Amino acid sequence: ADRELEKERIEGRTEKKRLWVIDFKGDMAASGVECLRNEITSVLEVAANGGGSGPGQTPATPVDEILLRIDSPGGTVTGYGHAAAQVERIRHAGLKVTVAIDEIAASGGYMMAVVASEIIAAPFAVIGSIGVVGQVPNIHRLLKRFDVDVLELTAGNNKRPVSLLGPLSDDGIQTFKKQLADTHRLFKDHVHRYRPGLDIEAVTQGDIWHGQDAVSVKLIDRLMTSDEFIDRARHEHGMDVFQVKWQPARSWRDRLEASGVSLIEKAISRALGRLSV
């Protein structure tokens with residue numbers, strides 16, 4: 001009987017709501033997007049069969065919810081734009097998605113978070129940094145010092161306005177600044193679309209806020225850690241809570257190499273431990 005009840009809960013045949021918890025740990029390239037998209041796909045498939053809804057449909061009752069815990073200082077526009085689009089899939093499916101920021105969701109991390117139905121954060125979490133940075137090192141003068149010539153040809157005046165190897169020009173720098181400004185405008189429009197009550201010019205100059213201050217400028221909705229949110233879901237709302245994690249399949253060679261590295265690391269650690277005082 002217990003096994004049947006658990007099967008019914010997983011397949012969504014009971015009236016009990018479910019909270020699906022997904023973690024996103026971000027780096028500069030937002031490399032966790034591949035896991036995120038598979039985790040969201042898995043949840044949406046189950047939720048659609050168990051009281052959720054597909055795009056354009058009216059959500060059934062009870063409707064599952066998703067808690068997305070984001071921990072990211074931001075990174076590339078393309079990577080985090082893709083990650084934000086994955087969060088939008090949840091909204092389009094008619095499910096409520098709450099983003100929890102326990103430590104940091106800045107720049108691209110906030111680009112993801114702002115899509116949520118609700119944003120919660122710990123009091124000292126770092127939030128904001130709604131701006132764009134472009135960095136291109138230039139070693140042209142170093143190359144000229146050693147009489148090194150570089151031939152760099154482009155088709156199109158603005159194909160590469162700022163080059164790693166070629167000389168810098170005022171026109172090129174101005175074009176690069178315009179590209180940054182255009183990207184910043186798109187970022188601001190994205191934030192304003194999901195949080196229209198913001199003073200958008202005041203909060204999109206690259207500043208950061210801690211959670212307790214982010215409430216006052218409406219970057220987040222309330223102060224709460226993800227742990228407290230989960231506890232309330234379980235004890236106050238009677239929800240079943242499931243942690244979702246997608247693990248890519250690894251070949252036997254990858255697993256063998258990982259095991260070998262782990263054994264070596266443990267051996268080194270034990271050797272260093274014997275030398276400690």
# chains A, B, ... in the order shown; residues from 1 in each chain; ligands from 1
>>> residues_around(residues="A:Lys17", least_positions_apart="3", cutoff="7 Å", atoms="only C-alpha atoms", output="ChimeraX atom specification")
/A:62-64,239-240
>>> write_last_selection(atoms="N, CA, C and O atoms", output="short mmCIF file (atom, residue, chain, number, x, y, z; two decimals), in the first residue's frame")
data_model
loop_
_atom_site.label_atom_id
_atom_site.label_comp_id
_atom_site.auth_asym_id
_atom_site.auth_seq_id
_atom_site.Cartn_x
_atom_site.Cartn_y
_atom_site.Cartn_z
N PRO A 62 -4.50 20.65 -7.58
CA PRO A 62 -3.42 21.55 -7.19
C PRO A 62 -2.30 21.61 -8.24
O PRO A 62 -2.08 20.65 -8.96
N VAL A 63 -1.60 22.71 -8.29
CA VAL A 63 -0.52 22.90 -9.25
C VAL A 63 0.82 22.78 -8.51
O VAL A 63 0.99 23.35 -7.45
N ASP A 64 1.73 22.03 -9.09
CA ASP A 64 3.06 21.91 -8.51
C ASP A 64 3.79 23.25 -8.57
O ASP A 64 3.45 24.11 -9.38
N MET A 239 3.15 20.07 1.50
CA MET A 239 3.64 19.70 0.18
C MET A 239 4.70 18.60 0.28
O MET A 239 5.46 18.53 1.26
N ASP A 240 4.73 17.74 -0.72
CA ASP A 240 5.84 16.81 -0.89
C ASP A 240 6.98 17.57 -1.56
O ASP A 240 6.76 18.34 -2.50
#
>>> residues_around(residues="A:Asp227", least_positions_apart="3", cutoff="12 Å", atoms="only C-alpha atoms", output="list in words")
Val21, Leu67, Arg69, Ala100, Ile101, Asp102, Ile120, Ala121, Ala122, Leu223, Met224, Ile230, Asp231, Arg232, Ala233, Arg234 and Val241 of chain A
>>> write_last_selection(atoms="C-alpha atoms", output="PDB file, in the first residue's frame")
ATOM      1  CA  VAL A  21      13.795  21.915  -5.884  1.00  0.00           C
ATOM      2  CA  LEU A  67      11.991  26.339  -6.142  1.00  0.00           C
ATOM      3  CA  ARG A  69      18.096  28.059  -5.896  1.00  0.00           C
ATOM      4  CA  ALA A 100      15.872  31.652  -3.738  1.00  0.00           C
ATOM      5  CA  ILE A 101      19.127  33.594  -3.397  1.00  0.00           C
ATOM      6  CA  ASP A 102      21.029  32.379  -0.354  1.00  0.00           C
ATOM      7  CA  ILE A 120      13.322  35.473  -1.924  1.00  0.00           C
ATOM      8  CA  ALA A 121      16.771  36.102  -0.504  1.00  0.00           C
ATOM      9  CA  ALA A 122      18.811  35.792   2.665  1.00  0.00           C
ATOM     10  CA  LEU A 223      13.630  37.960   3.070  1.00  0.00           C
ATOM     11  CA  MET A 224      13.753  34.204   3.493  1.00  0.00           C
ATOM     12  CA  ILE A 230      11.159  24.375   2.059  1.00  0.00           C
ATOM     13  CA  ASP A 231      10.252  23.945   5.747  1.00  0.00           C
ATOM     14  CA  ARG A 232       7.125  26.058   5.277  1.00  0.00           C
ATOM     15  CA  ALA A 233       6.169  24.151   2.141  1.00  0.00           C
ATOM     16  CA  ARG A 234       6.356  20.871   4.033  1.00  0.00           C
ATOM     17  CA  VAL A 241       9.369  18.059  -1.632  1.00  0.00           C
TER      18      VAL A 241
END
>>> closest_residue(among="A:Val191, A:Ala249, A:Val136, A:Ile22", to="A:Ala84", atoms="only C-alpha atoms")
A:Val191
>>> atom_distance(atom1="atom CA of A:Ala105", atom2="atom CA of A:Gly238")
28.9 Å
>>> closest_residue(among="A:Pro196, A:Glu152, A:Ala125, A:Glu257", to="A:Gln212", atoms="only C-alpha atoms")
A:Ala125
>>> residues_around(residues="stretch 139-147 of chain A", least_positions_apart="5", cutoff="8 Å", atoms="only C-alpha atoms", output="NGL selection string")
:A and (164-167)
>>> closest_residue(among="A:Phe187, A:Phe124, A:Trp20, A:Tyr110", to="A:Thr225", atoms="only C-alpha atoms")
A:Phe124
>>> select_by_dssp(residues="stretch 39-188 of chain A", states="strand (DSSP E or B)", output="list in words")
Glu65, Ile66, Leu67, Leu68, Arg69, Ile70, Asp71, Ser72, Lys96, Val97, Thr98, Val99, Ala100, Ile101, Ile104, Ala105, Ala106, Glu118, Ile119, Ile120, Ala121, Val126, Ile127 and Gly128 of chain A
>>> atom_distance(atom1="atom CA of A:Gly32", atom2="atom CA of A:Val77")
14.2 Å
>>> atom_distance(atom1="atom CA of A:Ala116", atom2="atom CA of A:Thr98")
5.6 Å
>>> residues_around(residues="A:Gln205", least_positions_apart="2", cutoff="10 Å", atoms="only C-alpha atoms", output="CSV table (one decimal) with N, CA, C and O atoms, in the first residue's frame")
chain,number,residue,atom,x,y,z
A,128,GLY,N,21.8,42.1,-7.7
A,128,GLY,CA,21.9,43.3,-8.6
A,128,GLY,C,23.0,43.2,-9.6
A,128,GLY,O,23.0,42.3,-10.4
A,129,SER,N,23.8,44.2,-9.6
A,129,SER,CA,24.9,44.4,-10.6
A,129,SER,C,24.3,44.3,-12.0
A,129,SER,O,24.8,43.5,-12.9
A,130,ILE,N,23.2,45.0,-12.3
A,130,ILE,CA,22.6,45.0,-13.6
A,130,ILE,C,23.3,46.0,-14.5
A,130,ILE,O,23.0,47.1,-14.6
A,131,GLY,N,24.3,45.4,-15.1
A,131,GLY,CA,25.2,46.2,-16.0
A,131,GLY,C,25.9,45.3,-17.0
A,131,GLY,O,25.7,44.1,-16.9
A,132,VAL,N,26.7,45.8,-17.9
A,132,VAL,CA,27.4,45.0,-18.8
A,132,VAL,C,28.9,45.4,-18.9
A,132,VAL,O,29.2,46.6,-18.8
A,184,HIS,N,23.2,46.5,-22.7
A,184,HIS,CA,22.6,47.0,-21.4
A,184,HIS,C,21.1,47.3,-21.6
A,184,HIS,O,20.3,47.1,-20.7
A,188,LYS,N,18.1,45.8,-19.4
A,188,LYS,CA,17.1,46.7,-18.6
A,188,LYS,C,15.7,46.4,-19.1
A,188,LYS,O,14.8,46.3,-18.2
A,200,ILE,N,13.6,51.6,-12.8
A,200,ILE,CA,14.5,50.9,-13.6
A,200,ILE,C,15.9,51.6,-13.8
A,200,ILE,O,16.9,51.0,-13.8
A,201,GLU,N,15.8,52.9,-13.9
A,201,GLU,CA,17.1,53.6,-14.1
A,201,GLU,C,17.9,53.6,-12.8
A,201,GLU,O,19.2,53.7,-12.9
A,202,ALA,N,17.2,53.6,-11.7
A,202,ALA,CA,17.9,53.7,-10.4
A,202,ALA,C,18.6,52.3,-10.1
A,202,ALA,O,19.6,52.3,-9.3
A,203,VAL,N,18.1,51.2,-10.6
A,203,VAL,CA,18.7,49.9,-10.2
A,203,VAL,C,19.5,49.2,-11.3
A,203,VAL,O,19.9,48.1,-11.1
A,207,ASP,N,25.0,48.7,-9.7
A,207,ASP,CA,25.1,48.7,-8.2
A,207,ASP,C,24.7,47.3,-7.7
A,207,ASP,O,23.9,46.6,-8.3
A,208,ILE,N,25.2,47.0,-6.5
A,208,ILE,CA,24.7,45.8,-5.8
A,208,ILE,C,24.1,46.1,-4.5
A,208,ILE,O,24.3,47.2,-3.9
